[in-house]
Amino acid sequence: MADQPIPDAESVEPTPDGATTGEVQASRTKEPPAAHTEIAVDIANLTKVYGDLNAVDDLTLQVPRGSIYGLIGPNGAGKSTTFAVLATMLKPTSGTAKVFGADPSKDAKAVRRMMGYMPDVLGLYDGLDAASYLDFFASGYRIPRRKRKELTGSLLELVDLDGKAKTQVSQLSRGMKQRLSLARALIHDPELLILDEPASGLDPRARIELRDLIRQLAGMGKTILVSSHILSELQDLCTDVAILEAGKLRANGPTETISAGSGERVVTVIFADGARETFTAASDDEQVELLRRLIVDDGRAVLSFRSDAGLERAFMTMTEGIVQ
Amino acid sequence: MSAFRALRNPVLERELIDQVRGWRPAAIVTLLLLLQGWILYVSYDNLQGNVSINNNGAVDLVKQGATVFAILVAVMIGWMTMVVPGLCAAAIAGERERDTLLPLQITLMGPWSITLGKLLSSLGFVLLLVVASAPLMVVAYLMGGVTIGQIATAVGLVMWTAFVWACLCLAVSALLQRTVRAMVTCYMLIFLIVVGSMVYTALNWRNDGVQASRGGPLLANPGALAIDVLGSPDPDLERAGIATPFDKAARWLHDVSAWEPTVTELSETDVPDVFLDGGGEFGGMFSGAGNVIVTREVMGDGSMMETVTVEDGGMPATTIPGSEPGDGDSDPGDSGTDALEGMPAWALQPDGTFDIDNWILVDGSPVPVQDAKMNGWLPMSWDPGDVVGHRGDPAKNFTRNALILQSGLAIISLGIVAWRLRLPKEKIRL
């Protein structure tokens, strides 16, 4: 599966200047062998300066083909700016970005053919119904009229809106609008999907549905770049992550490596008598040992526990003190 | 091919559907038709009254048909001026406001395709207005005095007006972020062009028979172009009482804004003989405050008698003997006395003669050589007897220059729109 751990990936440590160390290699059992080392998005020393603000500062990262690549960071970390460069909307100040070898700022049309972009704001024409909305963008991508009806039908089915084809966009719920927006990004069957904060403003159920949908798309062989500041969500979803802060890359690599790299975790245990105690554990094994000791050795009634570790903790560790 | 692609434009298709939805478009069409219908009704009522009193009904019919038509067209042009900014100001700023612009820009449509889609869709609604009011124009046609050619020209000018305004407003819409601001700016810009150009021209007009203004800002006004094309500045129309509002406006336009006047030498045939040799008896009669005027009277046998009169201040008008009929001048190819119409009385020398060398005809009106030189209509080195550069018909020049300027404005505006829609950019609003 696409979201399984990647056993042979190198451990990538964050470096002070934000550059990556080593090449990220991903192996996918479902992918053809040729795709193993193929790079979908290649960003090298990308910098975008607005006045005296470095929105993106010397960013270098590579997105393996077929991966679900998460860009995480607080607001203003440079995620949207990076996406805007990749989506052929923004010229970088310096550095290069390549989408399947094509430069978005020089060969925008070629990139647009291969890339679907879903902005974090929902730009929907309220007057249209869902099917007409997709049909409009299909014609914008020069898809012949005779193919459009079938295409919009199957896309609406994919995003689970087939019952809403004739519903006005303004009548759809936020989650439905989000899925319609995703369907729009998929209208020309792009190889690469760029999803800017797709889960923002969604209720938990809609969030889970969206996550399943993204997994499904990855299963179709698409490379997916997704940004979020909801870290736990990306932890479950992404094969690879990059942590950005203030325009700089703090860490990147396979999700497991980044999560594991955070070292000890904080385990909060709530007992049946209402007591709440906090322990530390250096690894998964140590955490299991801790719980075994509490329950078996000490015979205490554990009601629940929470392990504050993984990506969230990694994120906090890596960005500590730098967030303004 | 490009025209075909423009018609298969996704933006055009979507907007055409979008535009006719809701109550607003219906209201715009209905109000226009009510206004035009009311004008037609009042005119028709008026016409019937005239016919019953006047046995010269044919003239009245022609006048009514032409006048009604002129008012209908003027209303349509005015309507376009009010409606088009409303249609176009939101075209791009509105999409930006609703965050639908970026997804559109990164499709394979390209900036020109989006621009043309926006333009053609607003013109599509304008076409609907024109088609809707066609039956009313037909009534004007049936009243007479209007040719099919004139109707076609008028429709073309209405569309042209809408086109020019649409281009300007789309540019404003592309440049500004907010719909409300774009709309206010559009109306202000159009107000400036329409009213500003007229005020500027009126302020710069010296009413002394010399065209001080040369059209200037009026050239940017599609309404002025319509007046220029549809109206005739011929003063005879007004004398005959059959001038339409367009004719009257064209007369004003012609007076104030001959862009490049025709300059011709004043030949002896233009001047009544009495001014050239005789007339000694008038020497010193005129102090210079009055004008030479020409009056015409239709005689019993149908011939026209012209009388040249000099009005001089408070003095009773003096009719110059020998100036009638046909100014008493028997030169072949005599152009009559029109050339002297409006000439100041002081042009007559103390001996009552007229020094032909000191005068030149500008658009058929006598202008002192010195004034013509000051206005650049004659080279400063010009001497009597030198060849005058003939610079063509001023009316046609106005039409041509207005078309050139307005096309230029329209193309530049569309270029601004396409340039604003082009991605990637150095800076975008995310």
# chains A, B, ... in the order shown; residues from 1 in each chain; ligands from 1
$ interface_residues --of "chain A" --to "chain B" --cutoff "9 Å" --atoms "only C-alpha atoms" --output "PDB file with C-alpha atoms, in the first residue's frame"
ATOM      1  CA  TYR A  50       8.209  39.839  -0.958  1.00  0.00           C
ATOM      2  CA  SER A  80       1.062  28.205  -0.226  1.00  0.00           C
ATOM      3  CA  THR A  81       3.807  30.239  -1.874  1.00  0.00           C
ATOM      4  CA  ALA A  84       1.730  28.890  -6.139  1.00  0.00           C
ATOM      5  CA  VAL A  85       5.090  28.549  -7.879  1.00  0.00           C
ATOM      6  CA  ALA A  87       0.871  25.745  -9.963  1.00  0.00           C
ATOM      7  CA  THR A  88       2.270  28.242 -12.530  1.00  0.00           C
ATOM      8  CA  MET A  89       0.849  31.230 -10.709  1.00  0.00           C
ATOM      9  CA  LEU A  90       3.899  32.821  -9.148  1.00  0.00           C
ATOM     10  CA  LYS A  91       7.393  33.539 -10.430  1.00  0.00           C
ATOM     11  CA  PRO A  92      10.139  32.614  -7.979  1.00  0.00           C
ATOM     12  CA  THR A  93      12.739  35.220  -7.056  1.00  0.00           C
ATOM     13  CA  PRO A 104       6.203  26.163 -14.262  1.00  0.00           C
ATOM     14  CA  SER A 105       7.425  29.708 -14.794  1.00  0.00           C
ATOM     15  CA  LYS A 106       8.783  29.057 -18.281  1.00  0.00           C
ATOM     16  CA  ALA A 108       3.363  26.998 -17.800  1.00  0.00           C
ATOM     17  CA  LYS A 109       1.126  25.312 -20.330  1.00  0.00           C
ATOM     18  CA  ARG A 112      -0.878  22.932 -16.387  1.00  0.00           C
ATOM     19  CA  ARG A 113      -1.594  19.853 -18.469  1.00  0.00           C
ATOM     20  CA  GLY A 116      -4.217  19.851 -10.867  1.00  0.00           C
ATOM     21  CA  TYR A 117      -4.373  22.517  -8.198  1.00  0.00           C
ATOM     22  CA  MET A 118      -6.884  22.921  -5.445  1.00  0.00           C
ATOM     23  CA  PRO A 119      -6.486  26.243  -3.647  1.00  0.00           C
ATOM     24  CA  ASP A 120      -7.213  26.604   0.047  1.00  0.00           C
ATOM     25  CA  VAL A 121     -10.075  28.978  -0.766  1.00  0.00           C
ATOM     26  CA  LEU A 122     -13.113  27.515  -2.474  1.00  0.00           C
ATOM     27  CA  GLY A 123     -13.632  29.376  -5.691  1.00  0.00           C
ATOM     28  CA  LEU A 124     -17.016  28.172  -6.829  1.00  0.00           C
ATOM     29  CA  TYR A 125     -19.541  29.791  -9.134  1.00  0.00           C
ATOM     30  CA  GLY A 127     -24.989  30.057 -10.021  1.00  0.00           C
ATOM     31  CA  LEU A 128     -23.977  26.727 -11.524  1.00  0.00           C
ATOM     32  CA  SER A 132     -22.143  22.359 -15.095  1.00  0.00           C
ATOM     33  CA  PHE A 136     -17.132  24.521 -17.520  1.00  0.00           C
ATOM     34  CA  PHE A 137     -13.659  23.627 -16.301  1.00  0.00           C
ATOM     35  CA  ALA A 138     -13.544  20.597 -18.598  1.00  0.00           C
ATOM     36  CA  SER A 139     -14.068  22.941 -21.518  1.00  0.00           C
ATOM     37  CA  GLY A 140     -11.439  25.224 -20.025  1.00  0.00           C
ATOM     38  CA  TYR A 141      -9.036  22.312 -20.292  1.00  0.00           C
ATOM     39  CA  ARG A 142     -10.126  21.873 -23.904  1.00  0.00           C
ATOM     40  CA  ARG A 184     -12.261  20.196 -10.603  1.00  0.00           C
ATOM     41  CA  ALA A 185      -8.550  19.778  -9.949  1.00  0.00           C
TER      42      ALA A 185
END
$ residues_around --residues "Thr153 of chain B" --least-positions-apart "4" --cutoff "10 Å" --atoms "only C-alpha atoms" --output "PyMOL selection string"
chain B and resi 147-149+157-159+226+229-230
$ write_last_selection --atoms "C-alpha atoms" --output "mmCIF file, in the first residue's frame"
data_model
loop_
_atom_site.group_PDB
_atom_site.id
_atom_site.type_symbol
_atom_site.label_atom_id
_atom_site.label_comp_id
_atom_site.auth_asym_id
_atom_site.auth_seq_id
_atom_site.Cartn_x
_atom_site.Cartn_y
_atom_site.Cartn_z
ATOM 1 C CA THR B 147 -33.255 54.323 -44.702
ATOM 2 C CA ILE B 148 -32.374 50.727 -43.999
ATOM 3 C CA GLY B 149 -28.764 51.741 -44.384
ATOM 4 C CA LEU B 157 -22.831 52.476 -33.741
ATOM 5 C CA VAL B 158 -24.833 51.260 -30.757
ATOM 6 C CA MET B 159 -22.770 48.067 -30.770
ATOM 7 C CA ALA B 226 -22.491 58.379 -33.480
ATOM 8 C CA VAL B 229 -21.937 59.657 -38.474
ATOM 9 C CA LEU B 230 -25.723 59.795 -38.061
#
$ select_by_dssp --residues "segment 230-299 of chain A" --states "alpha helix (DSSP H)" --output "number ranges by chain"
A: 231-237, 255-260, 284-292
$ residues_around --residues "Val99 of chain A" --least-positions-apart "5" --cutoff "9 Å" --atoms "only C-alpha atoms" --output "list of chain:residue names"
A:Ile39, A:Ala40, A:Val41, A:Asp42, A:Ile43, A:Leu86, A:Pro104, A:Val111, A:Met114, A:Met115, A:Leu192
$ residues_around --residues "segment 56-61 of chain A" --least-positions-apart "5" --cutoff "6 Å" --atoms "only C-alpha atoms" --output "ChimeraX atom specification"
/A:19,43-48,78,247-248
$ residues_around --residues "Ser122 of chain B" --least-positions-apart "6" --cutoff "12 Å" --atoms "only C-alpha atoms" --output "VMD selection string"
chain B and resid 11 to 20 25 80 83 to 91 115 to 116 128 to 129 159 162 to 167 169 to 170
$ write_last_selection --atoms "C-alpha atoms" --output "CSV table (one decimal), in the first residue's frame"
chain,number,residue,atom,x,y,z
B,11,VAL,CA,-16.2,31.7,-20.5
B,12,LEU,CA,-18.5,33.0,-23.2
B,13,GLU,CA,-20.7,29.9,-22.9
B,14,ARG,CA,-21.0,30.1,-19.2
B,15,GLU,CA,-21.5,33.8,-19.0
B,16,LEU,CA,-24.1,33.9,-21.6
B,17,ILE,CA,-26.2,31.5,-19.6
B,18,ASP,CA,-25.3,33.3,-16.4
B,19,GLN,CA,-26.3,36.7,-17.8
B,20,VAL,CA,-29.9,36.0,-18.7
B,25,PRO,CA,-31.5,41.3,-17.2
B,80,MET,CA,-25.5,51.2,-23.3
B,83,VAL,CA,-25.7,49.3,-18.6
B,84,VAL,CA,-22.3,48.2,-19.9
B,85,PRO,CA,-20.3,49.4,-16.9
B,86,GLY,CA,-22.6,47.4,-14.7
B,87,LEU,CA,-22.1,44.3,-16.8
B,88,CYS,CA,-18.4,44.6,-17.2
B,89,ALA,CA,-17.1,46.1,-13.9
B,90,ALA,CA,-17.7,42.9,-12.1
B,91,ALA,CA,-16.5,40.6,-14.9
B,115,THR,CA,-10.5,38.2,-22.1
B,116,LEU,CA,-12.5,37.5,-25.4
B,128,LEU,CA,-30.1,41.1,-27.0
B,129,LEU,CA,-31.0,44.6,-26.2
B,159,MET,CA,-22.8,48.1,-30.8
B,162,ALA,CA,-21.1,49.1,-26.2
B,163,PHE,CA,-17.8,47.6,-27.4
B,164,VAL,CA,-15.7,50.6,-26.5
B,165,TRP,CA,-17.3,50.9,-23.1
B,166,ALA,CA,-17.0,47.2,-22.5
B,167,CYS,CA,-13.3,47.2,-23.3
B,169,CYS,CA,-14.6,48.7,-18.1
B,170,LEU,CA,-13.0,45.3,-18.5
$ closest_residue --among "B:Leu175, B:Leu40, B:Ala93, B:Ile71" --to "Trp419 of chain B" --atoms "only C-alpha atoms"
B:Leu175
